[in-house]
Each structure stands twice: as C-alpha cells, then as structure tokens.
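Only one structure is covered here, and it is reproduced in the block below.
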Amino acid sequence: MSQSRHVPVMLQRCLDLLAPALERPGAVVVDCTLGLGGHSEALLQQFPEARLVALDRDKEALRLSGERLAPYGERATLVHAVYDELPDVLERLGIARVQGVLFDLGVSSMQLDEADRGFAYAQDAPLDMRMDQTTGVSAAEVLNTYPAGELVRILRAYGEEKQAKRIVGAIVREREKEPFSNSARLVELIRDALPQAAKRTGGNPAKRTFQALRIEVNGELSVLERAIPAAVEALAVGGRIAVLSYHSLEDRLVKQVFAAGAANTAPPGLPVVPEQYQPRLKLLTRGAELPTEEEVAENRRAAPARLRGAERIRESIE
C-alpha cells in the first residue's frame with residue numbers, strides 16, 4: 001500500500017471551508033464520497049461536536065473505512081448508497097437538514113490501486129470499473145456491445161478525447177475478432193491507433209478513454225446532476241457545501257448549480273426584489289480553487305483537483 005493513497009486532497013482547505021458551519025454542537029456533516037475515510041476521519045477529529053453521515057457505493061470501501069472510523073462510535077454513520085440517494089438516506093435517519101456536505105469526486109485511490117478492478121491503465125486487469133460490483137454493466141460490456149456512434153459520443157463527451165473516432169474504429173475492428181476482457185489490450189490498441197503527435201502530450205494516451213468508460217459505467221455525471229442540487233437542498237441556512245472535482249465536466253456541473261443558486265432570479269426592473277427571487281447561496285470560492293504546488297509535489301493525484309464551496313443563506317420559497 002503506497003502512502004500517497006492515504007493523503008486526502010486539499011484536506012485543510014476543505015475543513016476550513018466547512019468549519020464555520022460545523023463548529024456548533026449538534027452539527028451534522030455528510031461525506032458523500034467516503035472512500036478510505038481520510039476526509040471523514042479529519043472531519044470527526046476537527047469537529048468533536050459534529051455527527052458524520054458518510055456514503056459510498058463500494059462495499060469494500062465501507063468495510064475498510066468502517067474499521068478506520070470505529071473509534072468514533074456512534075458519531076459516524078456509514079451507509080451503502082450512491083450520493084444521489086442522499087435525500088432518502090437523510091429521511092431514513094430522521095435528519096431534516098444538515099450543516100455541511102463534502103464531495104470528493106476523484107475515483108477512490110483504493111480503486112485505482114486495486115489491480116483486479118480494472119480502473120487503472122498502468123497495469124493489466126479485467127475491464128470492470130464498476131464502483132459497486134454488485135450491479136450494472138462492466139467496462140468490457142460497454143466496449144463489446146455499444147454501437148460505434150455511442151462509443152464515439154462517450155469518449156468525446158466524458159473523456160474529451162479528440163481522437164475518439166480513430167480509437168473507436170480500432171475498438172470495433174478488434175472486438176469483432178475477439179471481445180475485450182482486459183485493460184492491457186485496450187491500452188495497447190489506443191497507443192497503436194493514435195497519431196504520433198497525440199502521444200506526445202499529457203501522460204498516458206489511454207487516460208481519457210479510461211476516464212470516459214468509468215464515467216459511463218458508473219453513470220457518474222447523471223448521478224452528479226441529481227446529487228449536487230439535492231445536497232444544496234439538504235443544507236440548513238448557514239450550512240456549507242464543498243466539492244472537489246477532477247475534470248472539467250464535473251467542475252462545470254458544480255459551477256452551474258452553485259451559480260444558479262447564487263443568482264438573483266427576479267424579472268428585470270423590480271424596485272424591490274421579493275424574497276423568492278433572492279439568491280439562496282453565497283459562493284465561498286472565487287471560481288475554482290486549485291491545490292498548491294507543494295501539495296501537487298507531495299500527492300500527484302491532487303494535480304487536477306478543483307475546489308468550489310458555497311453557503312446556504314436562505315430557504316427556498318416556492
């Protein structure tokens with residue numbers, strides 16, 4: 001187990017953003033992406049009066065972080081759920097409103113490090129990529145069964161892959177000979193399909209394709225589209241939300257939800273803006289904050305991170 005996998009990204013900055021909402025007794029904070037429990041443990045340590053509810057769709061992550069958070073006893077409630085299920089989870093627990101919400105949208109470093117899960121392109125593994133391995137289609141099924149046009153759309157939309165057509169052409173030719181099952185064959189195919197110039201930029205040439213497959217397999221963007229507004233809705237007035245994204249699609253989605261909440265929606269020309277049109281959110285970050293150079297030097301996984309925060313300043317009035 002490499003040490004780097006235990007370093008939560010932008011940890012202190014996340015704690016500082018949430019602190020004003022979590023320092024009062026009885027505060028509830030939700031970690032929507034528990035993973036190995038690094039952020040959760042720090043929240044429990046730093047805010048001794050707070051209660052934690054933590055979600056993860058990966059049963060192995062829940063088991064490992066359960067051991068890690070056991071010393072906190074009743075203060076930590078771990079739930080097997082996808083983060084767009086937050087409203088149901090809170091209802092089951094009888095929690096009407098929460099004071100803090102944290103999302104860390106990076107794939108859990110555990111999943112990247114576990115060879116047999118097929119997330120990593122650096123080692124050969126079965127092409128699975130499901131975060132919850134009890135449900136849904138695997139990455140191999142996507143590659144072997146999706147029509148070419150759909151695969152091109154996924155690579156372009158989710159991987160921002162400029163060479164999508166080339167890569168998909170090669171995938172379709174190869175899968176007719178033999179279905180895909182392992183990651184090494186896909187990595188090799190991508191290397192062979194790309195023109196020389198495309199290989200010289202930006203790390204492993206398979207990176208964008210793997211990202212796109214992971215997002216598709218786990219329905220990550222559609223889940224996020226439901227989850228961020230639901231989390232904002234769950235915040236009490238004075239409650240705060242912090243979201244760490246790792247690629248522009250996620251960050252754009254978070255930005256849009258926060259911007260909409262922070263906007264004055266009144267028709268132009270009203271002398272006084274009625275309550276229902278006034279902003280419900282106050283932005284706590286100017287644009288997206290980036291990790292420091294020191295942090296990136298210590299933890300390369302922090303490099304693409306973008307942090308945005310917002311505070312709930314008003315109830316919704318329908």
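Here, A, B, ... name the chains of the structure tokens in the order displayed, residue numbers run from 1 inside each chain, and ligands are numbered from 1 in the same displayed order.
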
- Query: Please, which residues of range 130-238 of chain A, numbered as in this document, come out strand (DSSP E or B) from DSSP, as a PyMOL selection string?
  - Reply: chain A and resi 182+235-238

Residue selection dump (all heavy atoms) as an mmCIF file, in the first residue's frame:
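The file below, part25.cif, is the result:
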data_model
loop_
_atom_site.group_PDB
_atom_site.id
_atom_site.type_symbol
_atom_site.label_atom_id
_atom_site.label_comp_id
_atom_site.auth_asym_id
_atom_site.auth_seq_id
_atom_site.Cartn_x
_atom_site.Cartn_y
_atom_site.Cartn_z
ATOM 1 N N ASN A 182 -9.629 -7.497 -20.917
ATOM 2 C CA ASN A 182 -8.597 -6.955 -20.038
ATOM 3 C C ASN A 182 -8.087 -5.593 -20.496
ATOM 4 O O ASN A 182 -8.131 -5.256 -21.675
ATOM 5 C CB ASN A 182 -7.409 -7.923 -19.951
ATOM 6 C CG ASN A 182 -7.646 -8.956 -18.857
ATOM 7 O OD1 ASN A 182 -8.751 -9.470 -18.742
ATOM 8 N ND2 ASN A 182 -6.635 -9.219 -18.057
ATOM 9 N N LEU A 235 -29.098 21.376 2.823
ATOM 10 C CA LEU A 235 -28.384 22.266 3.744
ATOM 11 C C LEU A 235 -29.348 23.150 4.528
ATOM 12 O O LEU A 235 -30.278 23.733 3.966
ATOM 13 C CB LEU A 235 -27.441 23.196 2.973
ATOM 14 C CG LEU A 235 -26.149 22.616 2.397
ATOM 15 C CD1 LEU A 235 -25.429 23.694 1.594
ATOM 16 C CD2 LEU A 235 -25.242 22.075 3.491
ATOM 17 N N ALA A 236 -29.095 23.264 5.825
ATOM 18 C CA ALA A 236 -29.788 24.265 6.632
ATOM 19 C C ALA A 236 -29.247 25.642 6.247
ATOM 20 O O ALA A 236 -28.146 25.754 5.686
ATOM 21 C CB ALA A 236 -29.522 24.006 8.114
ATOM 22 N N VAL A 237 -29.981 26.696 6.548
ATOM 23 C CA VAL A 237 -29.451 28.048 6.352
ATOM 24 C C VAL A 237 -28.194 28.181 7.225
ATOM 25 O O VAL A 237 -28.189 27.768 8.392
ATOM 26 C CB VAL A 237 -30.502 29.114 6.716
ATOM 27 C CG1 VAL A 237 -29.889 30.500 6.715
ATOM 28 C CG2 VAL A 237 -31.664 29.053 5.728
ATOM 29 N N GLY A 238 -27.124 28.687 6.628
ATOM 30 C CA GLY A 238 -25.842 28.729 7.335
ATOM 31 C C GLY A 238 -24.992 27.495 7.080
ATOM 32 O O GLY A 238 -23.810 27.457 7.423
#

What are the nearest atom pairs, with distances in Å to one decimal, for all residues of range 251-308 of chain A that come at most 10 Å from range 14-17 of chain A, using only C-alpha atoms, set out by chain and rising residue number as CSV?
residue,atom,partner,partner_atom,distance
A:Leu284,CA,A:Leu17,CA,7.6
A:Thr285,CA,A:Leu17,CA,8.9
A:Leu307,CA,A:Cys14,CA,8.1
A:Arg308,CA,A:Cys14,CA,9.3

- Message: I'd like the contact shell of Pro179 in chain A - 9 Å cut-off, only C-alpha atoms, skipping same-chain residues fewer than 4 positions apart - returned as a PyMOL selection string.
- Response: chain A and resi 140-141+143-144+174-175

- Query: Counting only C-alpha atoms, what is within 7 Å of Pro291 in chain A, bar same-chain residues fewer than 2 positions away, as JSON, numbers by chain?
  - Reply: {"A": [10, 289, 293, 295, 296, 302, 303, 305]}

Put those residues in a file: all heavy atoms, as a PDB file, in the first residue's frame.
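Saved to selection_38.pdb:
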ATOM      1  N   MET A  10      -6.492  18.353  -0.805  1.00  0.00           N
ATOM      2  CA  MET A  10      -6.893  19.685  -0.316  1.00  0.00           C
ATOM      3  C   MET A  10      -7.638  19.598   1.023  1.00  0.00           C
ATOM      4  O   MET A  10      -8.629  20.302   1.249  1.00  0.00           O
ATOM      5  CB  MET A  10      -7.737  20.408  -1.378  1.00  0.00           C
ATOM      6  CG  MET A  10      -6.920  20.771  -2.615  1.00  0.00           C
ATOM      7  SD  MET A  10      -7.876  21.562  -3.943  1.00  0.00           S
ATOM      8  CE  MET A  10      -7.907  23.267  -3.431  1.00  0.00           C
ATOM      9  N   GLU A 289     -10.878  26.823  -6.726  1.00  0.00           N
ATOM     10  CA  GLU A 289      -9.538  26.894  -6.123  1.00  0.00           C
ATOM     11  C   GLU A 289      -8.724  25.675  -6.529  1.00  0.00           C
ATOM     12  O   GLU A 289      -9.260  24.567  -6.636  1.00  0.00           O
ATOM     13  CB  GLU A 289      -9.662  26.937  -4.592  1.00  0.00           C
ATOM     14  CG  GLU A 289     -10.183  28.261  -4.105  1.00  0.00           C
ATOM     15  CD  GLU A 289     -10.145  28.360  -2.585  1.00  0.00           C
ATOM     16  OE1 GLU A 289      -9.545  27.476  -1.927  1.00  0.00           O
ATOM     17  OE2 GLU A 289     -10.722  29.323  -2.061  1.00  0.00           O
ATOM     18  N   GLU A 293       1.254  24.200  -5.211  1.00  0.00           N
ATOM     19  CA  GLU A 293       2.340  23.454  -5.877  1.00  0.00           C
ATOM     20  C   GLU A 293       2.949  22.425  -4.932  1.00  0.00           C
ATOM     21  O   GLU A 293       3.322  21.326  -5.342  1.00  0.00           O
ATOM     22  CB  GLU A 293       3.425  24.422  -6.358  1.00  0.00           C
ATOM     23  CG  GLU A 293       3.017  25.177  -7.609  1.00  0.00           C
ATOM     24  CD  GLU A 293       4.003  26.269  -7.981  1.00  0.00           C
ATOM     25  OE1 GLU A 293       5.185  26.169  -7.583  1.00  0.00           O
ATOM     26  OE2 GLU A 293       3.594  27.212  -8.673  1.00  0.00           O
ATOM     27  N   GLU A 295       1.463  20.825  -2.529  1.00  0.00           N
ATOM     28  CA  GLU A 295       0.588  19.653  -2.391  1.00  0.00           C
ATOM     29  C   GLU A 295       0.699  18.736  -3.596  1.00  0.00           C
ATOM     30  O   GLU A 295       0.752  17.517  -3.475  1.00  0.00           O
ATOM     31  CB  GLU A 295      -0.875  20.080  -2.199  1.00  0.00           C
ATOM     32  CG  GLU A 295      -1.782  18.875  -2.090  1.00  0.00           C
ATOM     33  CD  GLU A 295      -3.218  19.168  -1.697  1.00  0.00           C
ATOM     34  OE1 GLU A 295      -3.587  20.343  -1.519  1.00  0.00           O
ATOM     35  OE2 GLU A 295      -3.976  18.196  -1.564  1.00  0.00           O
ATOM     36  N   VAL A 296       0.744  19.340  -4.786  1.00  0.00           N
ATOM     37  CA  VAL A 296       0.848  18.526  -6.000  1.00  0.00           C
ATOM     38  C   VAL A 296       2.169  17.757  -6.009  1.00  0.00           C
ATOM     39  O   VAL A 296       2.229  16.597  -6.415  1.00  0.00           O
ATOM     40  CB  VAL A 296       0.715  19.408  -7.264  1.00  0.00           C
ATOM     41  CG1 VAL A 296       0.994  18.600  -8.524  1.00  0.00           C
ATOM     42  CG2 VAL A 296      -0.694  20.010  -7.325  1.00  0.00           C
ATOM     43  N   ALA A 302      -3.478  15.037  -6.594  1.00  0.00           N
ATOM     44  CA  ALA A 302      -4.136  16.325  -6.336  1.00  0.00           C
ATOM     45  C   ALA A 302      -4.085  17.238  -7.562  1.00  0.00           C
ATOM     46  O   ALA A 302      -4.861  18.188  -7.660  1.00  0.00           O
ATOM     47  CB  ALA A 302      -3.462  17.028  -5.156  1.00  0.00           C
ATOM     48  N   ALA A 303      -3.197  16.934  -8.510  1.00  0.00           N
ATOM     49  CA  ALA A 303      -2.931  17.891  -9.609  1.00  0.00           C
ATOM     50  C   ALA A 303      -4.183  18.422 -10.309  1.00  0.00           C
ATOM     51  O   ALA A 303      -4.316  19.622 -10.493  1.00  0.00           O
ATOM     52  CB  ALA A 303      -1.957  17.279 -10.611  1.00  0.00           C
ATOM     53  N   ALA A 305      -7.238  18.606  -9.281  1.00  0.00           N
ATOM     54  CA  ALA A 305      -8.361  18.945  -8.393  1.00  0.00           C
ATOM     55  C   ALA A 305      -8.799  20.405  -8.522  1.00  0.00           C
ATOM     56  O   ALA A 305      -7.975  21.304  -8.699  1.00  0.00           O
ATOM     57  CB  ALA A 305      -7.998  18.637  -6.948  1.00  0.00           C
TER      58      ALA A 305
END

- Message: Could you tell me how far CA of Val53 in chain A sits from CA of Thr77 in chain A, in Å to one decimal place?
- Response: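 For CA of Thr77 in chain A relative to CA of Val53 in chain A, the distance reads 4.8 Å.
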
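Shortest atom-to-atom contact with Asp251 in chain A among A:Glu178, A:Glu225, A:Glu161, A:Asp124: A:Glu225, counting only C-alpha atoms.
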
- In range 137-317 of chain A, DSSP helix (DSSP H, G or I) residues written as a ChimeraX atom specification: /A:139-145,148-159,164-177,183-193,196-199,207-217,220-234,248-261,275-277,293-298,300-302

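Proximity to Val223 in chain A was assessed for A:Glu23, A:Ala206, A:Arg286, A:Val82 counting only C-alpha atoms; the smallest distance is recorded for A:Val82.
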
Tell me, counting only C-alpha atoms, for each residue of range 11-91 of chain A within 8 Å of range 128-137 of chain A, which pair of atoms is nearest and how far apart they are in Å to one decimal, in rows ordered by chain and increasing number, as CSV.
residue,atom,partner,partner_atom,distance
A:Arg57,CA,A:Asp132,CA,5.4
A:Asp58,CA,A:Asp132,CA,4.9
A:Lys59,CA,A:Asp132,CA,7.0
